[in-house]
Structures are given as C-alpha cells and as structure tokens.
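Engineer: Just one file: upload_16.cif, with mmCIF, C-alpha atoms.
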```cif
data_data
#
loop_
_atom_site.group_PDB
_atom_site.id
_atom_site.type_symbol
_atom_site.label_atom_id
_atom_site.label_comp_id
_atom_site.auth_asym_id
_atom_site.auth_seq_id
_atom_site.Cartn_x
_atom_site.Cartn_y
_atom_site.Cartn_z
ATOM 1 C CA MET G 1 73.211 44.893 -15.972
ATOM 2 C CA PRO G 2 72.878 42.756 -19.120
ATOM 3 C CA MET G 3 69.389 41.977 -20.474
ATOM 4 C CA SER G 4 69.667 38.213 -19.850
ATOM 5 C CA VAL G 5 70.582 38.738 -16.192
ATOM 6 C CA ARG G 6 67.667 41.082 -15.592
ATOM 7 C CA TRP G 7 65.283 38.583 -17.244
ATOM 8 C CA LEU G 8 66.548 35.760 -15.009
ATOM 9 C CA CYS G 9 66.056 37.927 -11.898
ATOM 10 C CA ARG G 10 62.451 38.698 -12.831
ATOM 11 C CA LEU G 11 61.766 35.024 -13.559
ATOM 12 C CA SER G 12 63.170 33.924 -10.200
ATOM 13 C CA SER G 13 61.062 36.515 -8.317
ATOM 14 C CA VAL G 14 57.899 35.311 -10.064
ATOM 15 C CA LEU G 15 58.675 31.688 -9.192
ATOM 16 C CA VAL G 16 59.318 32.566 -5.541
ATOM 17 C CA SER G 17 56.065 34.526 -5.189
ATOM 18 C CA THR G 18 54.106 31.701 -6.847
ATOM 19 C CA LEU G 19 55.514 29.070 -4.506
ATOM 20 C CA LEU G 20 54.875 31.161 -1.385
ATOM 21 C CA SER G 21 51.282 32.126 -2.274
ATOM 22 C CA PRO G 22 48.472 29.895 -0.845
ATOM 23 C CA ALA G 23 46.993 27.435 -3.297
ATOM 24 C CA PRO G 24 43.256 27.502 -4.109
ATOM 25 C CA ILE G 25 42.876 23.901 -2.936
ATOM 26 C CA SER G 26 43.743 25.000 0.592
ATOM 27 C CA ARG G 27 40.799 27.416 0.697
ATOM 28 C CA GLY G 28 38.531 24.708 -0.662
ATOM 29 C CA TRP G 29 39.637 22.266 2.055
ATOM 30 C CA LYS G 30 38.788 24.821 4.748
ATOM 31 C CA ARG G 31 35.250 25.132 3.428
ATOM 32 C CA ALA G 32 34.813 21.356 3.380
ATOM 33 C CA SER G 33 36.136 21.058 6.909
ATOM 34 C CA CYS G 34 33.728 23.726 8.136
ATOM 35 C CA CYS G 35 30.774 22.002 6.516
ATOM 36 C CA GLY G 36 31.823 18.729 8.063
ATOM 37 C CA ALA G 37 31.962 20.289 11.510
ATOM 38 C CA MET G 38 28.442 21.703 11.128
ATOM 39 C CA LYS G 39 26.815 18.364 10.402
ATOM 40 C CA THR G 40 24.204 17.467 13.004
ATOM 41 C CA PRO G 41 24.688 14.096 14.706
ATOM 42 C CA PRO G 42 22.186 11.346 13.901
ATOM 43 C CA PRO G 43 19.245 11.079 16.312
ATOM 44 C CA PRO G 44 19.783 8.548 19.087
ATOM 45 C CA ALA G 45 18.094 5.190 18.682
ATOM 46 C CA LEU G 46 14.838 4.854 20.573
ATOM 47 C CA ALA G 47 15.246 2.804 23.699
ATOM 48 C CA SER G 48 13.509 -0.525 23.398
ATOM 49 C CA GLN G 49 11.815 -0.150 26.776
ATOM 50 C CA ASP G 50 10.188 3.147 25.737
ATOM 51 C CA GLY G 51 8.518 1.787 22.607
ATOM 52 C CA GLU G 52 6.874 3.920 19.961
ATOM 53 C CA TRP G 53 3.328 5.049 19.265
ATOM 54 C CA GLU G 54 1.097 3.129 16.858
ATOM 55 C CA THR G 55 -2.255 4.682 15.901
ATOM 56 C CA HIS G 56 -5.389 3.231 14.339
ATOM 57 C CA CYS G 57 -8.963 4.465 13.888
ATOM 58 C CA SER G 58 -12.303 2.683 14.103
ATOM 59 C CA GLN G 59 -15.541 4.122 12.771
ATOM 60 C CA GLY G 60 -18.937 3.152 14.141
ATOM 61 C CA SER G 61 -22.496 4.242 14.799
ATOM 62 C CA TRP G 62 -25.010 4.290 17.600
ATOM 63 C CA VAL G 63 -28.100 2.742 16.012
ATOM 64 C CA LEU G 64 -31.559 2.967 17.589
ATOM 65 C CA GLY G 65 -32.673 -0.343 19.069
ATOM 66 C CA ALA G 66 -29.353 -2.028 18.263
ATOM 67 C CA SER G 67 -26.211 -0.271 19.503
ATOM 68 C CA ALA G 68 -27.372 2.916 21.243
ATOM 69 C CA GLY G 69 -27.217 1.603 24.795
ATOM 70 C CA GLY G 70 -26.410 4.767 26.700
ATOM 71 C CA SER G 71 -24.198 5.168 29.764
ATOM 72 C CA ARG G 72 -23.548 2.749 32.625
ATOM 73 C CA ASN G 73 -26.610 4.116 34.377
ATOM 74 C CA PHE G 74 -28.724 1.994 32.034
ATOM 75 C CA ALA G 75 -28.930 -1.795 31.741
ATOM 76 C CA SER G 76 -28.584 -1.496 27.966
ATOM 77 C CA HIS G 77 -25.026 -0.134 28.269
ATOM 78 C CA ARG G 78 -23.518 -3.381 26.979
ATOM 79 C CA MET G 79 -25.360 -2.898 23.675
ATOM 80 C CA ASN G 80 -22.970 -0.113 22.697
ATOM 81 C CA PRO G 81 -20.295 -0.843 20.063
ATOM 82 C CA HIS G 82 -17.140 -2.603 21.276
ATOM 83 C CA VAL G 83 -13.754 -1.518 19.931
ATOM 84 C CA PRO G 84 -11.042 -4.134 20.648
ATOM 85 C CA LEU G 85 -7.729 -3.037 22.092
ATOM 86 C CA THR G 86 -4.607 -5.087 22.794
ATOM 87 C CA VAL G 87 -1.881 -3.701 25.049
ATOM 88 C CA SER G 88 1.501 -5.400 24.837
ATOM 89 C CA LEU G 89 4.029 -2.984 26.325
ATOM 90 C CA ARG G 90 4.552 -2.637 30.057
ATOM 91 C CA CYS G 91 6.123 0.667 31.055
ATOM 92 C CA SER G 92 6.152 3.226 33.862
ATOM 93 C CA GLU G 93 4.167 5.909 32.019
ATOM 94 C CA PRO G 94 0.900 6.221 30.054
ATOM 95 C CA ASN G 95 0.921 3.771 27.157
ATOM 96 C CA VAL G 96 -2.530 4.376 25.660
ATOM 97 C CA LYS G 97 -4.231 7.467 24.219
ATOM 98 C CA ILE G 98 -7.903 7.219 23.264
ATOM 99 C CA SER G 99 -10.142 9.831 21.679
ATOM 100 C CA LEU G 100 -13.837 9.684 20.730
ATOM 101 C CA CYS G 101 -15.165 12.047 18.067
ATOM 102 C CA GLN G 102 -18.849 12.378 17.089
ATOM 103 C CA HIS G 103 -19.764 13.427 13.568
ATOM 104 C CA CYS G 104 -22.615 15.943 13.723
ATOM 105 C CA PRO G 105 -23.030 19.728 13.667
ATOM 106 C CA PRO G 106 -22.368 21.593 16.936
ATOM 107 C CA LYS G 107 -26.061 22.290 17.515
ATOM 108 C CA ALA G 108 -26.718 18.535 17.481
ATOM 109 C CA PHE G 109 -23.894 17.488 19.842
ATOM 110 C CA LEU G 110 -24.740 14.639 22.203
ATOM 111 C CA PRO G 111 -23.149 14.071 25.615
ATOM 112 C CA ILE G 112 -20.503 11.422 24.845
ATOM 113 C CA GLY G 113 -17.919 9.440 26.790
ATOM 114 C CA PHE G 114 -16.349 5.987 26.914
ATOM 115 C CA HIS G 115 -15.145 3.247 29.223
ATOM 116 C CA VAL G 116 -12.315 0.750 28.836
ATOM 117 C CA TYR G 117 -12.979 -2.780 30.074
ATOM 118 C CA LYS G 118 -10.562 -5.655 30.446
ATOM 119 C CA VAL G 119 -11.684 -8.762 28.590
ATOM 120 C CA PRO G 120 -11.869 -11.836 30.851
ATOM 121 C CA GLU G 121 -9.501 -14.598 29.846
ATOM 122 C CA GLY G 122 -10.920 -17.524 27.913
ATOM 123 C CA LEU G 123 -13.498 -15.573 25.899
ATOM 124 C CA ALA G 124 -13.391 -16.089 22.153
ATOM 125 C CA GLU G 125 -14.932 -12.659 21.498
ATOM 126 C CA PRO G 126 -14.375 -9.424 23.429
ATOM 127 C CA GLN G 127 -17.336 -9.155 25.787
ATOM 128 C CA ILE G 128 -18.064 -7.558 29.125
ATOM 129 C CA THR G 129 -20.333 -8.603 31.951
ATOM 130 C CA GLN G 130 -23.177 -6.579 33.406
ATOM 131 C CA ASP G 131 -21.497 -5.794 36.727
ATOM 132 C CA GLN G 132 -17.934 -5.435 35.398
ATOM 133 C CA GLU G 133 -16.028 -2.344 36.475
ATOM 134 C CA PRO G 134 -14.041 -0.418 33.839
ATOM 135 C CA GLN G 135 -10.259 -0.132 33.985
ATOM 136 C CA ALA G 136 -10.351 3.443 32.697
ATOM 137 C CA SER G 137 -13.124 5.943 31.950
ATOM 138 C CA CYS G 138 -13.615 9.205 30.134
ATOM 139 C CA VAL G 139 -16.579 10.617 32.062
ATOM 140 C CA PRO G 140 -18.681 12.564 32.768
ATOM 141 C CA HIS G 141 -20.239 12.613 29.327
ATOM 142 C CA CYS G 142 -19.654 15.934 27.612
ATOM 143 C CA TYR G 143 -21.450 17.947 24.943
ATOM 144 C CA ALA G 144 -18.315 18.127 22.823
ATOM 145 C CA GLN G 145 -17.271 16.977 19.406
ATOM 146 C CA GLU G 146 -14.303 15.092 20.838
ATOM 147 C CA VAL G 147 -13.308 13.715 24.235
ATOM 148 C CA SER G 148 -10.008 12.026 25.008
ATOM 149 C CA LEU G 149 -8.134 10.120 27.676
ATOM 150 C CA GLN G 150 -4.494 9.196 28.270
ATOM 151 C CA CYS G 151 -3.796 6.382 30.705
ATOM 152 C CA TYR G 152 -1.722 3.345 31.561
ATOM 153 C CA LEU G 153 -3.119 -0.150 31.001
ATOM 154 C CA SER G 154 -1.337 -3.344 31.913
ATOM 155 C CA PRO G 155 -0.693 -5.782 29.046
ATOM 156 C CA GLY G 156 -3.792 -7.688 28.015
ATOM 157 C CA ALA G 157 -6.964 -7.591 25.912
ATOM 158 C CA TYR G 158 -9.495 -4.784 26.340
ATOM 159 C CA VAL G 159 -12.603 -3.317 24.737
ATOM 160 C CA ILE G 160 -13.445 0.362 24.427
ATOM 161 C CA VAL G 161 -17.163 1.032 24.826
ATOM 162 C CA PRO G 162 -18.144 4.478 23.509
ATOM 163 C CA SER G 163 -21.590 5.732 24.454
ATOM 164 C CA THR G 164 -23.941 8.648 24.678
ATOM 165 C CA TYR G 165 -25.326 9.478 28.085
ATOM 166 C CA HIS G 166 -28.923 8.566 27.230
ATOM 167 C CA PRO G 167 -29.841 5.421 25.288
ATOM 168 C CA ASP G 168 -31.543 5.489 21.886
ATOM 169 C CA CYS G 169 -29.469 8.407 20.592
ATOM 170 C CA LYS G 170 -28.180 7.831 17.091
ATOM 171 C CA ALA G 171 -24.953 9.282 15.724
ATOM 172 C CA ASP G 172 -21.765 8.343 13.894
ATOM 173 C CA PHE G 173 -18.417 8.387 15.653
ATOM 174 C CA THR G 174 -14.709 7.609 15.304
ATOM 175 C CA VAL G 175 -12.515 6.090 17.999
ATOM 176 C CA THR G 176 -8.800 6.824 17.602
ATOM 177 C CA VAL G 177 -6.395 4.712 19.635
ATOM 178 C CA ALA G 178 -2.675 5.325 20.007
ATOM 179 C CA ARG G 179 -0.799 2.641 21.904
ATOM 180 C CA LYS G 180 2.844 2.132 22.633
ATOM 181 C CA VAL G 181 4.349 -0.929 20.997
ATOM 182 C CA LEU G 182 7.782 -2.463 21.139
ATOM 183 C CA ARG G 183 9.705 -2.527 17.889
ATOM 184 C CA LYS G 184 13.107 -4.123 17.580
ATOM 185 C CA VAL G 185 15.864 -1.886 16.219
ATOM 186 C CA VAL G 186 17.463 -3.424 13.122
ATOM 187 C CA LYS G 187 21.156 -2.609 12.831
ATOM 188 C CA SER G 188 22.668 -2.536 9.355
ATOM 189 C CA GLN G 189 25.915 -4.390 8.681
ATOM 190 C CA GLU G 190 26.673 -2.255 5.627
ATOM 191 C CA THR G 191 29.662 0.106 5.712
ATOM 192 C CA LEU G 192 29.749 3.101 3.415
ATOM 193 C CA GLY G 193 32.666 3.245 1.030
ATOM 194 C CA HIS G 194 33.275 -0.486 1.036
ATOM 195 C CA ILE G 195 32.383 -2.900 -1.696
ATOM 196 C CA VAL G 196 29.980 -5.586 -0.651
ATOM 197 C CA GLN G 197 31.534 -8.951 -1.292
ATOM 198 C CA GLU G 198 29.161 -11.749 -2.117
ATOM 199 C CA SER G 199 30.020 -15.401 -1.849
ATOM 200 C CA SER G 200 28.209 -18.119 -3.717
ATOM 201 C CA TYR G 201 28.163 -21.748 -2.727
ATOM 202 C CA SER G 202 27.386 -24.756 -4.865
ATOM 203 C CA SER G 203 26.622 -28.154 -3.482
ATOM 204 C CA VAL G 204 27.916 -31.217 -5.284
ATOM 205 C CA MET G 205 25.987 -34.422 -4.981
ATOM 206 C CA GLN G 206 28.271 -37.356 -4.574
ATOM 207 C CA ARG G 207 27.183 -40.685 -5.909
#
```
So, in terms of structure tokens, how does the structure I just supplied come out?

Structural biologist:
Amino acid sequence: MPMSVRWLCRLSSVLVSTLLSPAPISRGWKRASCCGAMKTPPPPALASQDGEWETHCSQGSWVLGASAGGSRNFASHRMNPHVPLTVSLRCSEPNVKISLCQHCPPKAFLPIGFHVYKVPEGLAEPQITQDQEPQASCVPHCYAQEVSLQCYLSPGAYVIVPSTYHPDCKADFTVTVARKVLRKVVKSQETLGHIVQESSYSSVMQR
C-alpha cells in the first residue's frame, strides 16, 4: 500500500475516534445537573395566622418601702413594679411566654413569682385594682433564679406584676416577654435574570 494511502487511513481513524468520544462539556453538564437537583427548596412562608415571636426585656428592682410589695397575700401587692404588655394576635395556642429572673447569688435566692392582670379600659396608665383577679399566674413563689410561664391571653392591654413572696425584700430582676405578633409577608416583584426597566415621567405645565 502506498505511503499516502496509509497516511489517509490513519487520519480518518483518528477523526472517527475523536467524533465518537464523549466531549468534556458533557461531563461538566452532568455535574451541574446533579448540583441543581440537590438544592434544598426555600422554606415555606410563615402563615399569617400563626404569627412570629417578638421578645423584649425589662429590668427592675424591688425597693424597700417603695416597690417591694410582696405577694397577693399582702395589701401592699400593688406596690410592686408593673411591666406593660400588649397582646394583639388572637390564635388557638399559647401566644405569650414570660420569664422572671432574679439577680443574686444562689444562697440569697428569694421566693419569686408573678401575676398577669388585664388593664381596665379607659385608664391612661396601666393600673390594677385591689380586688382584681389575675388572668394568668406563675405561683407558688419559688426559691429559684428564674421562673417562667407560657399561656394564651386574648388581645388587649395587660401588666405583669413580679413579686417576692414576702414584702420588703429587695432585689434586682429581669422580666423577659415573648409574644406572638402578626407580620405581613412582603412579596418581591423582582425576577432574577431580567433587567429592571425604569420609567420616568415629566409633567408639563400648560399656560
């Protein structure tokens, strides 16, 4: 066989094997497809009726002769600090979490607890009456650094009254309140991969 014919045969075999072999871009596309399939779906939007938790803290003190009124067993109970609370979400499950923490060493723990009172309508400041019954209570008072309560309260204005069991007991404390609130879900109109087109308007005053 002449040299030129053998060279053409080798060239044709190389071209055929090159065309039939898989291209590197194919392997790369498989990897991209696999990664795309493994992407986790976005978390579902929170239902508006469920709401979400909002937390805030209030620090205070039981001061001798001023705000250390003791438990409901004593007439001075109303002297205790008042922590305002507003409930706005009505739901079928607990919508308020309250905790009371006293700041003192374990050997000096006082028996602590708290009551939640509904504020009568028409009052400019959150106050409670002498014979008013609480809507929720965290009792009996406990010798613990922190006591807590989870409950449901109907929408309205309330006050949390933390106290020691006996009056005239001084200490510092923190009341932490988590309440469910309703937040509207804002939906974005933006679409990825598309150019945002802006339009400008000019007003012409006609004489």

Engineer: Given the file shown, determine the residues that the PyMOL selection byres ((chain G and resi 147) around 6) selects; report them as a ChimeraX atom specification.

Structural biologist: /G:99-100,146,148

Engineer: Excluding same-chain residues fewer than 3 positions from Ala108 in chain G, what lies within 12 Å of it counting all atoms listed in the file, as number ranges by chain?

Structural biologist: G: 102-105, 111-112, 143-145, 169-172

Engineer: If the PyMOL selection byres ((chain G and resi 165) around 9) is run on the structure shown, which residues does it catch, given as a list in words?

Structural biologist: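 Evaluating the PyMOL selection byres ((chain G and resi 165) around 9) on these coordinates yields Gly69, Gly70, Ser71, Arg72, Asn73, Leu110, Pro111, Ile112, Gly113, Pro140, His141, Cys142, Ser163, Thr164, His166, Pro167 and Cys169 of chain G.
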
Engineer: Kindly indicate which residue among G:Ser137, G:Thr129, G:Ser88, G:Gln59 lies nearest to Arg183 in chain G, using all atoms listed in the file for the distances.

Structural biologist: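 For Arg183 in chain G, the nearest of the candidates is G:Ser88.
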
Engineer: Between CA of Ala136 in chain G and CA of Phe114 in chain G, what is the spacing in Å?

Structural biologist: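 We find that CA of Phe114 in chain G and CA of Ala136 in chain G lie 8.7 Å from each other.
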
Engineer: Can you work out the spacing between CA of Leu123 in chain G and CA of Val159 in chain G in Å, to one decimal?

Structural biologist: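 Spanning CA of Leu123 in chain G to CA of Val159 in chain G is a straight-line distance of 12.3 Å.
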
Engineer: If we count only C-alpha atoms and set the cut-off at 12 Å, which residues sit around Cys151 in chain G, ignoring sequence neighbours fewer than 6 positions away in its own chain? Please answer as a VMD selection string.

Structural biologist: chain G and resid 87 91 to 99 115 to 116 135 to 138 177 to 180

Engineer: Can you list what the PyMOL selection byres ((chain G and resi 64) around 6) grabs from this structure, as a VMD selection string?

Structural biologist: chain G and resid 63 65 to 66 68 168 170

Engineer: Rounded to one decimal in Å, what is the spacing between CA of Gln127 in chain G and CA of His82 in chain G?

Structural biologist: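 One can read the CA of Gln127 in chain G to CA of His82 in chain G distance as 8.0 Å.
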
Engineer: Measuring between all atoms listed in the file, which one of G:Val175, G:Ile160, G:Cys101, G:Leu89 shows the shortest distance to Ser58 in chain G?

Structural biologist: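 Among G:Val175, G:Ile160, G:Cys101, G:Leu89, it is G:Val175 that comes nearest to Ser58 in chain G.
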
Engineer: Identify which of the residues G:Thr86, G:Gln132, G:Thr55, G:Thr176 lies closest to Leu149 in chain G, counting only C-alpha atoms when measuring atom-to-atom distances.

Structural biologist: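 Among the listed residues, G:Thr176 lies closest to Leu149 in chain G.
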
Engineer: Would you please work out which residue, of G:Cys57, G:Leu153, G:Val161, G:Ile128, is nearest to Asn80 in chain G when using only C-alpha atoms?

Structural biologist: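 Under the stated criterion, the closest residue is G:Val161.
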
Engineer: Which residue gives the smallest distance to Val181 in chain G among G:Glu54, G:Gly60, G:Pro120, G:Pro84, with all atoms listed in the file counted?

Structural biologist: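 Of G:Glu54, G:Gly60, G:Pro120, G:Pro84, the one nearest Val181 in chain G is G:Glu54, counting all atoms listed in the file.
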
Engineer: Of the residues G:Gln130, G:Trp53, G:Pro81, G:Gly156, which is the one nearest to Lys118 in chain G, using only C-alpha atoms?

Structural biologist: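 The closest residue to Lys118 in chain G is G:Gly156.
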